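K.L.:
Take a look at the following structure, please.
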Amino acid sequence: MHIRRKKPWDDVTAAEVTPYETYLDRRRFIQGAAGAAAAVALVPDSVAGALAATGIGQEEVTPYEDVTSYNNFYEFGTDKSDPAKNAGSFTPRPWTVEVAGHCAKPGTYALEDLVVPGDVEDRTYRLRCVEAWSMVIPWQGVPLGTILRRMEPTGDARFVAFETVFRPEEMPGQRRPILPWPYVEGLRMDEAMNDLTLLATGLYGRDLLNQSGAPLRLVVPWKYGFKSIKSIVKISFTAEMPANTWNVMTPHEYGFYANVNPEVDHPRWSQARERRIGEFRRRETLMFNGYGEQVAHMYAGMDLTRYY
Amino acid sequence: MDHRRRVFVLKAGVWLACLIPLGRVTHRFFLGDGLGANPIEELEHWSGFTALWVLTAALGVTPLRRITGWNDLQKVRRLVGLFAFFYAFLHMAAYLALDQFFAWSFIVEDVVERPFITVGTAAFLMLVPLALTSTRGWIRRLGRTWVRLHRLVYASAVLGVIHFFWKERADTLRPWYVALAVGILLGVRAYFALRARWRGARA
């Protein structure tokens, strides 16, 4: 077990996270109990989860099954159950990432050279989808800044652009022009270098599954989920603000910043509340998804209604 | 098989067919995946989708009768229409009771400020008087007004389809299927209406 200092973003502490093995035991126990009592067997897991979550003040980590079966990853289909169904034939290894733009060390890097095991940390974050649902996910990954600094960005590097792999033969969603493929995203340099921003390679202590963005994805916990681009093959340092796919699709609904903000509604729904997966009642959405202390200073003086 | 028996079998078949979606979702909930990670959202999607297709089927009864000449079909039109209302009611109930948990300020905000919900609410409200006046007594009492009133079903279907389009973010494949079906059925009706008028003019 590794010991580390409690970091400011750890309001969900490692101790609260159920270890994966214990979690599996618990599932087996529930399944066993369900087998013993027919009435219990009729209660589906999701309802059991909702019941367990009510009345508990602290935030529970979202069950592994839910994290890996309820995904927005249009490359594998537009239903949230599609990625888990259709991502099986995707090959996340071997994997390379092209680094380009304003930096001293551009080039094509093997995943193993980019993400060194010694740099990998545990980070349990809230994930707030722009569709007003949320999860709590125990990620493993490397702070993006650690990797970016190694590439020695130059003074012209004001933004970082990301690109998802384009493989229509393995990603059935890409065979239809649902979105302009490949999916692209971007961050301002200070956002990319923020302590919270993570390049994730795993969750629940296991390699990312294909439906979660294997083998390498962004996690920006104070922004809506669509900023956390999956299956990254290219990282570029740019001088201009890069395009991001949803903003290109519907600019009046999705901006570049996409900071979680309960006061700025989506044109088609309120962002004031969210449904935590596993819970019945909606809960209040927190400004910057509860990470204001770490990130609010980056947006001081900005009109967040205009820069949504 | 005598006529009454045939009508009974037809009605029983329509009852069963209309109950299949409910049966399947109940089975999934209790014995399947429990409707996944977000059962409330799943119920909303399922009930809305089912309501639209059953409503489309209801719109299809008269054209099918006229094309096939199978006049007994008229005896199940009300049944299919009421099932469409039933699923639309479930859709509304899922939104109000499960999704919003009767948070009226949010509900009002949704209906007033968000066109896709405004349109969906209108589509549902239009079905309410149709369901209420579907009894024999009301049909007799309203006479020709009943026929005119029940033309609201076309508006409801069109608004329902628009609701579906506006709800989808990017992938409008499924809304297009329903739109195509509703479009064809309205087209067939328009054709019959125009033909009748044309014949009337010549006579």
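By order in the structure tokens, chains are A, B, ...; within a chain, residues start at 1; ligands start at 1, following the order shown.
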Quick one: pick out all strand (DSSP E or B) residues within range 30-258 of chain A from a backbone DSSP run and write them as number ranges by chain.

P.N.:
A: 96-101, 103, 107-110, 121-128, 133-143, 153, 159-164, 184-188, 198-203, 206-207, 217-219, 223, 232-238

K.L.:
Would you kindly return, as a list in words, each protein, DNA or RNA residue with an atom no farther than 12 Å from any atom of Met302 in chain A, considering only C-alpha atoms and excluding same-chain residues fewer than 5 positions away?

P.N.:
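Answer for this query is Tyr257, Asn259, Ala296, His297, Tyr307 and Tyr308 of chain A.
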
K.L.:
With N, CA, C and O atoms retained, could you export that selection as a PDB file, in the first residue's frame?

P.N.:
ATOM      1  N   TYR A 257     -15.170  26.350 -22.712  1.00  0.00           N
ATOM      2  CA  TYR A 257     -14.767  26.162 -21.308  1.00  0.00           C
ATOM      3  C   TYR A 257     -15.523  25.022 -20.651  1.00  0.00           C
ATOM      4  O   TYR A 257     -14.925  24.175 -20.007  1.00  0.00           O
ATOM      5  N   ASN A 259     -17.178  24.686 -18.012  1.00  0.00           N
ATOM      6  CA  ASN A 259     -17.021  24.494 -16.570  1.00  0.00           C
ATOM      7  C   ASN A 259     -18.372  24.147 -15.957  1.00  0.00           C
ATOM      8  O   ASN A 259     -19.391  24.726 -16.335  1.00  0.00           O
ATOM      9  N   ALA A 296     -11.093  27.998  -9.358  1.00  0.00           N
ATOM     10  CA  ALA A 296     -11.853  29.232  -9.589  1.00  0.00           C
ATOM     11  C   ALA A 296     -10.944  30.403  -9.971  1.00  0.00           C
ATOM     12  O   ALA A 296     -11.316  31.243 -10.800  1.00  0.00           O
ATOM     13  N   HIS A 297      -9.724  30.434  -9.417  1.00  0.00           N
ATOM     14  CA  HIS A 297      -8.818  31.568  -9.689  1.00  0.00           C
ATOM     15  C   HIS A 297      -8.493  31.715 -11.167  1.00  0.00           C
ATOM     16  O   HIS A 297      -8.196  32.799 -11.647  1.00  0.00           O
ATOM     17  N   TYR A 307     -18.786  32.917 -21.328  1.00  0.00           N
ATOM     18  CA  TYR A 307     -17.799  31.868 -21.631  1.00  0.00           C
ATOM     19  C   TYR A 307     -18.231  30.581 -20.961  1.00  0.00           C
ATOM     20  O   TYR A 307     -17.626  30.157 -19.988  1.00  0.00           O
ATOM     21  N   TYR A 308     -19.320  29.990 -21.447  1.00  0.00           N
ATOM     22  CA  TYR A 308     -19.842  28.781 -20.835  1.00  0.00           C
ATOM     23  C   TYR A 308     -19.116  27.555 -21.376  1.00  0.00           C
ATOM     24  O   TYR A 308     -18.368  27.634 -22.324  1.00  0.00           O
TER      25      TYR A 308
END

K.L.:
Go through chain B residue by residue and, counting only C-alpha atoms, keep those with an atom at most 8 Å from chain A; for each kept residue give the shortest atom pair and its distance in Å to one decimal, ordered by chain and increasing number, as a tab-separated table.

P.N.:
residue	atom	partner	partner_atom	distance
B:Phe29	CA	A:Pro44	CA	6.7
B:Phe30	CA	A:Leu42	CA	5.3
B:Leu31	CA	A:Leu42	CA	6.7
B:Gly32	CA	A:Pro44	CA	7.9
B:Asp33	CA	A:Pro44	CA	7.1
B:Gly34	CA	A:Pro44	CA	4.8
B:Leu35	CA	A:Ser46	CA	7.9
B:Gly36	CA	A:Ser46	CA	6.8
B:Ala37	CA	A:Asp66	CA	5.1
B:Asn38	CA	A:Ile277	CA	6.1
B:Pro39	CA	A:Ser46	CA	7.4
B:Leu98	CA	A:Phe280	CA	7.6
B:Asp99	CA	A:Arg281	CA	7.8
B:Gln100	CA	A:Arg282	CA	7.6
B:Phe101	CA	A:Arg281	CA	7.1
B:Phe106	CA	A:Ser270	CA	7.8
B:Asp110	CA	A:Trp269	CA	6.8
B:Arg114	CA	A:Arg268	CA	5.3
B:Pro115	CA	A:Arg268	CA	7.5
B:Phe116	CA	A:Arg268	CA	7.1
B:Lys167	CA	A:Arg268	CA	8.0
B:Ala170	CA	A:Ile178	CA	5.9
B:Asp171	CA	A:Ile178	CA	5.6

K.L.:
How many Å lie between CA of Thr145 in chain B and CA of Val128 in chain B, rounded to one decimal?

P.N.:
16.0 Å

K.L.:
Which value, in Å to one decimal, gives the distance between CA of Ala258 in chain A and CA of Gly292 in chain A?

P.N.:
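According to the coordinates, CA of Ala258 in chain A and CA of Gly292 in chain A are separated by 14.0 Å.
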
K.L.:
In terms of the shortest atom-to-atom distance over only C-alpha atoms, which of A:Trp181, A:Tyr224, A:Tyr204, A:Tyr109 is closest to Thr245 in chain A?

P.N.:
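With only C-alpha atoms as the atom set, the closest residue is A:Trp181.
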
K.L.:
Which residue, A:Thr96, A:Thr164, A:Thr154, A:Ser212, has the smallest gap to Trp139 in chain A when you use only C-alpha atoms?

P.N.:
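Checking each candidate against Trp139 in chain A, we get A:Ser212 as the closest.
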
K.L.:
Here is a test: counting only C-alpha atoms, which residue of B:His27, B:Ile162, B:Ile67, B:Arg78 is nearest to Ile139 in chain B?

P.N.:
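Of B:His27, B:Ile162, B:Ile67, B:Arg78, the one nearest Ile139 in chain B is B:Arg78, counting only C-alpha atoms.
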